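What follows is entry20.txt (compact mmCIF, C-alpha atoms and all ligand atoms).
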```txt
# COMPACT_ATOMS: atom_id res chain seq x y z
CA MET V 1 -26.89 55.68 -1.98
CA ALA V 2 -24.30 55.07 -4.73
CA SER V 3 -25.65 55.11 -8.27
CA LYS V 4 -25.82 51.76 -10.06
CA ASP V 5 -23.37 53.14 -12.59
CA SER V 6 -20.76 54.20 -10.01
CA VAL V 7 -17.41 52.44 -9.71
CA SER V 8 -17.92 51.72 -5.98
CA PHE V 9 -21.25 50.01 -6.68
CA THR V 10 -19.67 47.81 -9.37
CA VAL V 11 -16.78 46.90 -7.03
CA LYS V 12 -19.20 46.05 -4.18
CA ILE V 13 -21.31 43.81 -6.43
CA ALA V 14 -18.16 42.11 -7.78
CA LEU V 15 -16.90 41.50 -4.21
CA LEU V 16 -20.29 40.17 -3.11
CA LEU V 17 -20.35 37.85 -6.09
CA CYS V 18 -16.84 36.60 -5.21
CA VAL V 19 -17.85 35.92 -1.59
CA VAL V 20 -21.06 34.10 -2.62
CA CYS V 21 -19.21 32.02 -5.21
CA SER V 22 -16.36 31.11 -2.84
CA ILE V 23 -18.86 30.06 -0.13
CA PHE V 24 -20.68 27.97 -2.73
CA ILE V 25 -17.47 26.31 -4.00
CA SER V 26 -16.09 25.65 -0.49
CA SER V 27 -19.42 24.16 0.64
CA ALA V 28 -19.57 21.96 -2.46
CA ALA V 29 -15.99 20.74 -1.82
CA VAL V 30 -16.79 19.91 1.83
CA ILE V 31 -20.13 18.26 1.02
CA LEU V 32 -18.73 16.23 -1.89
CA LYS V 33 -15.54 15.08 -0.06
CA PRO V 34 -17.11 11.95 1.52
CA PHE V 35 -18.59 10.97 -1.86
CA GLN V 36 -15.20 11.42 -3.55
CA GLU V 37 -13.53 9.28 -0.86
CA ALA V 38 -16.23 6.60 -1.21
CA ASN V 39 -15.78 6.59 -5.00
CA LYS V 40 -12.01 6.30 -4.63
CA THR V 41 -12.42 3.30 -2.32
CA LEU V 42 -15.01 1.74 -4.62
CA ASP V 43 -12.67 2.15 -7.58
CA ARG V 44 -9.68 0.70 -5.71
CA ASN V 45 -11.70 -2.28 -4.50
CA LYS V 46 -13.07 -2.88 -7.99
CA ASN V 47 -9.53 -2.91 -9.39
CA ILE V 48 -8.33 -5.35 -6.75
CA LEU V 49 -11.27 -7.66 -7.48
CA ALA V 50 -10.79 -7.32 -11.25
CA ALA V 51 -7.07 -8.23 -10.98
CA ALA V 52 -8.07 -11.39 -9.10
CA GLY V 53 -10.66 -12.22 -11.78
CA MET V 54 -13.49 -11.71 -9.28
CA PHE V 55 -15.10 -8.68 -10.94
CA ASN V 56 -15.98 -8.23 -14.59
CA PRO V 57 -17.43 -4.80 -15.42
CA ASP V 58 -19.44 -6.37 -18.29
CA VAL V 59 -21.16 -8.76 -15.89
CA ASN V 60 -20.93 -7.30 -12.38
CA SER V 61 -22.34 -4.01 -11.15
CA ASP V 62 -20.87 -1.50 -8.68
CA SER V 63 -23.48 -2.56 -6.11
CA GLU V 64 -21.77 -5.97 -5.89
CA VAL V 65 -18.31 -4.57 -5.09
CA ASP V 66 -18.69 -4.29 -1.31
CA GLY V 67 -20.06 -7.84 -0.99
CA LEU V 68 -17.31 -9.33 -3.18
CA PHE V 69 -14.55 -7.27 -1.57
CA ALA V 70 -15.62 -8.48 1.90
CA GLN V 71 -13.83 -11.74 1.02
CA PHE V 72 -10.51 -9.88 1.18
CA THR V 73 -8.53 -9.12 4.31
CA PRO V 74 -6.13 -6.19 3.90
CA ARG V 75 -2.85 -6.66 5.80
CA ILE V 76 0.21 -4.44 6.10
CA VAL V 77 3.54 -6.03 5.23
CA ASP V 78 6.98 -4.78 6.22
CA LEU V 79 8.76 -5.06 2.87
CA ASN V 80 12.21 -5.40 4.46
CA SER V 81 11.36 -8.34 6.70
CA GLY V 82 8.52 -9.73 4.58
CA GLU V 83 6.46 -10.10 7.78
CA PHE V 84 3.02 -8.77 8.59
CA LEU V 85 3.07 -5.79 10.95
CA SER V 86 1.68 -6.60 14.39
CA ASP V 87 -1.14 -4.52 15.87
CA ALA V 88 1.39 -2.90 18.23
CA GLN V 89 3.70 -1.96 15.34
CA MET V 90 0.79 -0.51 13.40
CA ALA V 91 -0.34 1.48 16.44
CA ASP V 92 3.23 2.82 16.86
CA LEU V 93 3.32 3.89 13.22
CA GLY V 94 -0.23 5.23 13.34
CA ILE V 95 -1.36 3.20 10.36
CA ASN V 96 -4.15 0.70 9.86
CA PRO V 97 -4.77 -1.66 6.95
CA VAL V 98 -8.10 -0.16 5.93
CA SER V 99 -7.11 3.49 5.77
CA TYR V 100 -3.34 3.28 5.07
CA ASP V 101 -2.61 5.25 1.90
CA GLN V 102 0.47 3.68 0.36
CA ARG V 103 0.61 6.20 -2.49
CA ALA V 104 0.70 9.06 0.01
CA ALA V 105 3.29 7.24 2.17
CA ILE V 106 5.80 7.41 -0.68
CA ASN V 107 6.25 11.13 0.07
CA ASP V 108 6.66 10.59 3.82
CA PRO V 109 10.31 10.11 4.87
CA GLN V 110 9.11 8.22 7.99
CA LEU V 111 7.35 5.66 5.80
CA SER V 112 9.51 5.42 2.69
CA ASP V 113 13.12 5.41 1.49
CA ALA V 114 14.98 6.51 -1.62
CA ILE V 115 15.82 3.57 -3.88
CA PRO V 116 19.53 3.47 -4.81
CA GLY V 117 19.93 4.00 -8.57
CA GLU V 118 21.30 0.53 -9.33
CA GLU V 119 18.30 -1.11 -7.58
CA ASP V 120 15.69 1.12 -9.17
CA ILE V 121 14.83 -1.11 -12.11
CA ALA V 122 11.20 0.11 -12.22
CA SER V 123 12.27 3.81 -12.06
CA LEU V 124 10.28 4.50 -8.90
CA LYS V 125 12.83 6.70 -7.07
CA ARG V 126 11.26 5.86 -3.66
CA ARG V 127 9.85 2.72 -2.05
CA VAL V 128 7.41 2.49 0.84
CA ARG V 129 8.56 0.52 3.90
CA TYR V 130 5.08 -0.90 4.40
CA ALA V 131 2.71 -2.16 1.72
CA THR V 132 -0.91 -3.27 1.83
CA VAL V 133 -1.60 -6.76 0.54
CA TYR V 134 -5.09 -8.19 0.08
CA LEU V 135 -5.67 -11.81 0.98
CA VAL V 136 -8.55 -14.23 0.52
CA GLU V 137 -8.49 -17.10 2.99
CA GLY V 138 -10.29 -20.42 2.55
CA SER V 139 -12.43 -22.04 5.23
CA ASN V 140 -9.39 -23.74 6.81
CA GLY V 141 -7.35 -20.54 6.91
CA GLU V 142 -5.35 -21.43 3.80
CA ILE V 143 -4.49 -18.49 1.53
CA GLU V 144 -6.39 -18.69 -1.75
CA ASP V 145 -5.65 -15.31 -3.33
CA ILE V 146 -2.94 -12.71 -2.86
CA VAL V 147 -3.33 -9.30 -4.48
CA LEU V 148 -0.26 -7.07 -4.47
CA PRO V 149 0.04 -3.40 -5.46
CA VAL V 150 2.64 -2.88 -8.19
CA SER V 151 3.95 0.20 -9.97
CA GLY V 152 6.65 1.16 -12.41
CA TYR V 153 7.52 3.64 -15.12
CA GLY V 154 6.24 3.01 -18.64
CA LEU V 155 7.07 5.38 -21.48
CA TRP V 156 5.17 8.46 -20.32
CA GLY V 157 4.66 8.00 -16.62
CA THR V 158 4.27 5.64 -13.68
CA MET V 159 1.79 2.81 -14.18
CA TYR V 160 -0.10 1.71 -11.05
CA GLY V 161 -1.86 -1.61 -10.78
CA TYR V 162 -2.40 -4.87 -8.96
CA LEU V 163 -0.96 -8.32 -9.56
CA ALA V 164 -3.06 -11.20 -8.24
CA LEU V 165 -1.47 -14.53 -7.38
CA GLU V 166 -2.90 -17.84 -6.32
CA GLY V 167 -2.26 -19.07 -2.78
CA ASP V 168 1.02 -20.68 -3.88
CA GLY V 169 2.47 -17.16 -4.19
CA ASN V 170 3.67 -18.08 -7.68
CA THR V 171 0.85 -18.67 -10.16
CA VAL V 172 -0.63 -15.50 -11.65
CA LYS V 173 -4.38 -15.03 -11.38
CA GLY V 174 -4.43 -11.70 -13.19
CA ILE V 175 -3.05 -8.21 -13.56
CA GLY V 176 -4.66 -4.81 -13.97
CA PHE V 177 -3.50 -1.21 -14.24
CA TYR V 178 -5.84 1.40 -12.81
CA GLU V 179 -3.68 4.44 -13.62
CA GLN V 180 -1.26 4.91 -16.49
CA LYS V 181 -0.29 7.60 -18.99
CA GLU V 182 0.66 5.41 -21.95
CA THR V 183 -0.55 6.23 -25.47
CA PRO V 184 -4.03 4.86 -26.22
CA GLY V 185 -3.74 2.08 -28.81
CA LEU V 186 0.00 1.58 -28.10
CA GLY V 187 1.25 1.38 -24.50
CA GLY V 188 -2.30 2.06 -23.32
CA GLU V 189 -3.09 -1.51 -24.40
CA VAL V 190 -1.85 -2.58 -20.93
CA THR V 191 -5.52 -2.19 -20.01
CA ASN V 192 -6.78 -4.30 -22.93
CA PRO V 193 -8.68 -7.34 -21.58
CA ARG V 194 -7.21 -9.50 -24.36
CA TRP V 195 -3.64 -8.71 -23.28
CA LYS V 196 -4.51 -9.08 -19.60
CA GLY V 197 -6.02 -12.46 -20.54
CA LEU V 198 -2.49 -13.71 -21.38
CA TRP V 199 -1.42 -13.53 -17.73
CA PRO V 200 -3.51 -16.04 -15.73
CA GLY V 201 -1.63 -19.31 -15.28
CA LYS V 202 1.83 -17.77 -15.80
CA GLU V 203 4.35 -18.37 -13.03
CA VAL V 204 6.49 -15.75 -11.35
CA TYR V 205 9.41 -17.84 -10.03
CA ASP V 206 11.64 -20.54 -11.47
CA ASP V 207 12.62 -23.68 -9.52
CA ASN V 208 15.40 -21.76 -7.76
CA GLY V 209 13.03 -19.07 -6.50
CA ASN V 210 14.32 -16.41 -8.89
CA VAL V 211 11.92 -14.09 -10.71
CA ALA V 212 11.48 -15.69 -14.13
CA LEU V 213 8.28 -14.06 -15.36
CA SER V 214 9.00 -11.58 -18.11
CA VAL V 215 7.26 -9.62 -20.83
CA ILE V 216 9.15 -10.29 -24.03
CA LYS V 217 9.16 -8.69 -27.47
CA GLY V 218 7.06 -10.98 -29.65
CA VAL V 219 5.14 -14.07 -28.64
CA GLY V 220 5.73 -15.42 -25.15
CA GLN V 221 6.36 -19.14 -24.72
CA GLY V 222 5.71 -21.32 -21.71
CA VAL V 223 4.73 -20.33 -18.18
CA HIS V 224 7.33 -17.62 -17.69
CA GLN V 225 6.79 -15.39 -20.72
CA VAL V 226 4.05 -12.94 -21.68
CA ASP V 227 3.77 -11.40 -25.18
CA GLY V 228 4.95 -7.78 -25.37
CA LEU V 229 2.52 -5.18 -26.69
CA ALA V 230 2.88 -4.66 -30.45
CA GLY V 231 4.46 -1.27 -31.24
CA ALA V 232 4.93 -0.53 -27.55
CA SER V 233 8.21 -2.11 -26.55
CA LEU V 234 8.97 0.63 -24.05
CA THR V 235 5.74 0.20 -22.12
CA SER V 236 6.19 -3.58 -22.28
CA ARG V 237 9.66 -3.21 -20.83
CA GLY V 238 8.17 -1.03 -18.10
CA VAL V 239 5.77 -3.85 -17.16
CA ASP V 240 8.63 -6.35 -17.30
CA ASN V 241 10.71 -4.13 -15.01
CA LEU V 242 7.96 -3.63 -12.46
CA ILE V 243 7.36 -7.38 -12.25
CA GLU V 244 11.07 -7.96 -11.70
CA TYR V 245 11.22 -5.27 -9.02
CA TRP V 246 8.05 -6.03 -7.06
CA MET V 247 8.41 -9.80 -7.16
CA GLY V 248 12.10 -9.59 -6.28
CA PRO V 249 14.03 -9.22 -3.00
CA LYS V 250 13.29 -5.48 -2.64
CA GLY V 251 9.60 -5.96 -3.35
CA PHE V 252 7.28 -8.74 -2.22
CA GLY V 253 9.82 -11.57 -2.67
CA PRO V 254 10.59 -11.97 1.07
CA PHE V 255 6.87 -11.72 1.96
CA LEU V 256 5.83 -14.36 -0.59
CA LYS V 257 8.60 -16.69 0.62
CA ASN V 258 7.48 -16.28 4.24
CA LEU V 259 3.84 -16.73 3.36
CA THR V 260 4.30 -19.89 1.36
CA ASN V 261 6.84 -21.45 3.77
CA SER V 262 4.65 -20.94 6.84
C1 LIG T 1 3.12 9.62 -30.59
C2 LIG T 1 3.79 8.34 -30.17
C3 LIG T 1 3.34 7.70 -29.03
C4 LIG T 1 3.94 6.51 -28.59
N1 LIG T 1 3.52 5.90 -27.47
C5 LIG T 1 4.12 4.76 -27.04
C6 LIG T 1 3.71 4.13 -25.84
O1 LIG T 1 2.77 4.53 -25.15
N2 LIG T 1 4.42 3.03 -25.46
C7 LIG T 1 5.47 2.54 -26.17
O2 LIG T 1 6.07 1.55 -25.74
N3 LIG T 1 5.84 3.09 -27.32
C8 LIG T 1 5.20 4.19 -27.77
N4 LIG T 1 5.59 4.79 -28.94
C9 LIG T 1 6.55 4.10 -29.78
C10 LIG T 1 7.96 4.18 -29.24
O3 LIG T 1 8.50 5.41 -29.54
C11 LIG T 1 8.78 3.05 -29.88
O4 LIG T 1 8.82 3.25 -31.24
C12 LIG T 1 8.16 1.70 -29.62
O5 LIG T 1 8.03 1.50 -28.24
C13 LIG T 1 8.97 0.60 -30.23
O6 LIG T 1 8.16 -0.56 -30.15
P1 LIG T 1 8.40 -1.78 -31.14
O7 LIG T 1 9.84 -2.15 -30.96
O8 LIG T 1 7.46 -2.84 -30.66
O9 LIG T 1 8.06 -1.30 -32.51
C14 LIG T 1 4.99 5.96 -29.37
C15 LIG T 1 5.43 6.62 -30.52
C16 LIG T 1 4.85 7.79 -30.92
C17 LIG T 1 5.35 8.47 -32.16
```
Take the structure in the file and give it back as structure tokens.
Amino acid sequence: MASKDSVSFTVKIALLLCVVCSIFISSAAVILKPFQEANKTLDRNKNILAAAGMFNPDVNSDSEVDGLFAQFTPRIVDLNSGEFLSDAQMADLGINPVSYDQRAAINDPQLSDAIPGEEDIASLKRRVRYATVYLVEGSNGEIEDIVLPVSGYGLWGTMYGYLALEGDGNTVKGIGFYEQKETPGLGGEVTNPRWKGLWPGKEVYDDNGNVALSVIKGVGQGVHQVDGLAGASLTSRGVDNLIEYWMGPKGFGPFLKNLTNS
């Protein structure tokens, strides 16, 4: 038997330790995966509810999220046509509204396209062909809430969030960013409840159906302007750009027109 002080004994123990640790880490990753997925879904649903003003972390608890989120129906929209995908189209594409991962689809050439430079006002580089929208329907089937995923570049990185509209497809119910890299206290104020509180009641479109909602430097006036963030003009412009892009003809514009004309 090799002495405890021999090199081969030390190497064997080190290898054994590596094997035990790697089994432990792999098992932990496999066992924790469903919990991570559940947390991701919980977080996404909470953000969708919060954008629509239906979840307040100071008042509501995580245990209420599933019940509140059950009011929403996720649907997949073809951004080019502005129409919902049919079941047959979804089956062909192998996507379904509950599990479709729009953020992953951006890297899939079958599900997304490069945005030509002159159209890329939100600096996104690529746009998905299909987007998930979350709808709340009233008892007579009328649309009461529409929550749309939005994204665009701020100063330091892409900001991801949701914009919630009333059933008219025009009046803002709320906005929220669940992922952003802006500087805390400056651009990071996009997550400040006081700033988000400026959005409800604003209107996206003017009388001609053009995107009129903008984030301006200084104090916003009327239904089409939101105050920019003090000392964070670049982040504010990023929010302004993403609103223009996602509410416009290359974003959800055609969908909102179809929805409100039907
Ligand atoms: C360390 C540092 C971090 C900054 N972070 C941000 C930011 O997150 N968003 C932003 O718009 N501007 C940020 N700025 C400020 C911009 O460089 C720029 O001065 C500002 O956007 C101009 O805004 P104002 O015209 O409202 O003063 C930062 C500046 C410094 C020095």
Can you pull out every residue with an atom within 7 Å of ligand LIG 1 (chain T)? Use all atoms listed in the file and format it as an mmCIF file with C-alpha atoms, keeping the file's coordinate frame.
```cif
data_model
loop_
_atom_site.group_PDB
_atom_site.id
_atom_site.type_symbol
_atom_site.label_atom_id
_atom_site.label_comp_id
_atom_site.auth_asym_id
_atom_site.auth_seq_id
_atom_site.Cartn_x
_atom_site.Cartn_y
_atom_site.Cartn_z
ATOM 1 C CA LEU V 155 7.070 5.380 -21.480
ATOM 2 C CA TRP V 156 5.170 8.460 -20.320
ATOM 3 C CA GLU V 182 0.660 5.410 -21.950
ATOM 4 C CA THR V 183 -0.550 6.230 -25.470
ATOM 5 C CA PRO V 184 -4.030 4.860 -26.220
ATOM 6 C CA LEU V 186 0.000 1.580 -28.100
ATOM 7 C CA GLY V 187 1.250 1.380 -24.500
ATOM 8 C CA GLY V 188 -2.300 2.060 -23.320
ATOM 9 C CA LYS V 217 9.160 -8.690 -27.470
ATOM 10 C CA LEU V 229 2.520 -5.180 -26.690
ATOM 11 C CA ALA V 230 2.880 -4.660 -30.450
ATOM 12 C CA GLY V 231 4.460 -1.270 -31.240
ATOM 13 C CA ALA V 232 4.930 -0.530 -27.550
ATOM 14 C CA SER V 233 8.210 -2.110 -26.550
ATOM 15 C CA LEU V 234 8.970 0.630 -24.050
ATOM 16 C CA THR V 235 5.740 0.200 -22.120
ATOM 17 C CA SER V 236 6.190 -3.580 -22.280
#
```
**Prompt:** So what do you get for CA of Val147 (chain V) versus CA of Ser63 (chain V), distance-wise?
**Reply:**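 Distance between the two atoms: 21.3 Å.
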**Item:** Point-to-point distance from CA of Leu135 (chain V) to CA of Ala91 (chain V), Å rounded to tenths
**Value:**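 So the answer is 21.1 Å.
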**Item:** Top pick for closest residue to Met247 (chain V), considering V:Gly169, V:Gly218, V:Gly117, V:Gly53 and counting all atoms listed in the file
**Value:**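 So, comparing all the options, the nearest one is V:Gly169.
Contact shell of Asn80 (chain V) at 12 Å (only C-alpha atoms; same-chain neighbours under 4 positions omitted): Phe84, Leu85, Ser112, Asp113, Arg127, Val128, Arg129, Tyr130, Ala131, Gly248, Pro249, Lys250, Gly251, Phe252, Gly253, Pro254, Phe255 and Asn258 of chain V.
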**Request:** Enter the distance from CA of Asp58 (chain V) to CA of Pro193 (chain V), in Å, rounded to one decimal.
**Result:**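 CA of Pro193 (chain V) lies 11.3 Å from CA of Asp58 (chain V).
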**Asked** Looking at V:Ile48, V:Asp87, V:Lys173, V:Ala29, which one is nearest to Leu68 (chain V), with distances taken over only C-alpha atoms?
**Response**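 Closest to Leu68 (chain V) of all the choices is V:Ile48.
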**Request:** Would you mind telling me which residue in V:Asp168, V:Glu119, V:Asp240, V:Glu83 lies nearest to Val133 (chain V) when using only C-alpha atoms?
**Result:** V:Glu83
**Message:** When you count only C-alpha atoms, which of these residues is closest to Ala50 (chain V): V:Gln110, V:Thr191, V:Ser214, V:Asn208?
**Reply:**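 Looking only at the distances to Ala50 (chain V), the closest residue turns out to be V:Thr191.
If all atoms listed in the file are the atoms counted, then among V:Asp66, V:Gly222, V:Leu124, V:Ser3 the closest residue to Ala38 (chain V) is V:Asp66.
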Output as a compact mmCIF listing (two decimals), in the coordinates of the input: region 166-192 of chain V, completed with N, CA and C atoms.
```
# COMPACT_ATOMS: atom_id res chain seq x y z
N GLU V 166 -2.20 -16.79 -7.06
CA GLU V 166 -2.90 -17.84 -6.32
C GLU V 166 -2.19 -18.03 -4.97
N GLY V 167 -2.79 -18.87 -4.13
CA GLY V 167 -2.26 -19.07 -2.78
C GLY V 167 -0.84 -19.60 -2.74
N ASP V 168 -0.36 -20.17 -3.87
CA ASP V 168 1.02 -20.68 -3.88
C ASP V 168 2.05 -19.55 -3.97
N GLY V 169 1.56 -18.30 -4.12
CA GLY V 169 2.47 -17.16 -4.19
C GLY V 169 3.30 -17.17 -5.46
N ASN V 170 2.88 -17.93 -6.46
CA ASN V 170 3.67 -18.08 -7.68
C ASN V 170 2.83 -17.98 -8.95
N THR V 171 1.67 -18.63 -8.94
CA THR V 171 0.85 -18.67 -10.16
C THR V 171 0.02 -17.39 -10.27
N VAL V 172 0.09 -16.76 -11.44
CA VAL V 172 -0.63 -15.50 -11.65
C VAL V 172 -2.12 -15.77 -11.85
N LYS V 173 -2.93 -14.99 -11.14
CA LYS V 173 -4.38 -15.03 -11.38
C LYS V 173 -4.78 -13.92 -12.34
N GLY V 174 -4.09 -12.80 -12.28
CA GLY V 174 -4.43 -11.70 -13.19
C GLY V 174 -3.63 -10.47 -12.86
N ILE V 175 -3.74 -9.49 -13.75
CA ILE V 175 -3.05 -8.21 -13.56
C ILE V 175 -3.98 -7.10 -14.06
N GLY V 176 -3.85 -5.94 -13.49
CA GLY V 176 -4.66 -4.81 -13.97
C GLY V 176 -3.99 -3.51 -13.61
N PHE V 177 -4.05 -2.54 -14.51
CA PHE V 177 -3.50 -1.21 -14.24
C PHE V 177 -4.65 -0.22 -14.14
N TYR V 178 -4.73 0.48 -13.01
CA TYR V 178 -5.84 1.40 -12.81
C TYR V 178 -5.44 2.84 -13.11
N GLU V 179 -4.14 3.09 -13.28
CA GLU V 179 -3.68 4.44 -13.62
C GLU V 179 -2.42 4.32 -14.45
N GLN V 180 -2.44 4.92 -15.63
CA GLN V 180 -1.26 4.91 -16.49
C GLN V 180 -1.41 6.03 -17.51
N LYS V 181 -0.25 6.46 -18.06
CA LYS V 181 -0.29 7.60 -18.99
C LYS V 181 0.19 7.19 -20.38
N GLU V 182 0.13 5.87 -20.67
CA GLU V 182 0.66 5.41 -21.95
C GLU V 182 -0.28 5.81 -23.10
N THR V 183 0.24 5.78 -24.32
CA THR V 183 -0.55 6.23 -25.47
C THR V 183 -1.69 5.25 -25.77
N PRO V 184 -2.93 5.76 -25.86
CA PRO V 184 -4.03 4.86 -26.22
C PRO V 184 -3.73 4.15 -27.54
N GLY V 185 -3.97 2.86 -27.58
CA GLY V 185 -3.74 2.08 -28.81
C GLY V 185 -2.32 1.53 -28.90
N LEU V 186 -1.38 2.12 -28.12
CA LEU V 186 0.00 1.58 -28.10
C LEU V 186 0.25 1.05 -26.68
N GLY V 187 1.00 1.83 -25.87
CA GLY V 187 1.25 1.38 -24.50
C GLY V 187 -0.03 1.27 -23.68
N GLY V 188 -1.03 2.09 -24.06
CA GLY V 188 -2.30 2.06 -23.32
C GLY V 188 -3.00 0.70 -23.39
N GLU V 189 -2.52 -0.16 -24.29
CA GLU V 189 -3.09 -1.51 -24.40
C GLU V 189 -2.80 -2.37 -23.16
N VAL V 190 -2.03 -1.84 -22.21
CA VAL V 190 -1.85 -2.58 -20.93
C VAL V 190 -3.21 -2.81 -20.25
N THR V 191 -4.20 -2.00 -20.64
CA THR V 191 -5.52 -2.19 -20.01
C THR V 191 -6.45 -3.04 -20.88
N ASN V 192 -5.95 -3.51 -22.02
CA ASN V 192 -6.78 -4.30 -22.93
C ASN V 192 -7.08 -5.68 -22.32
```
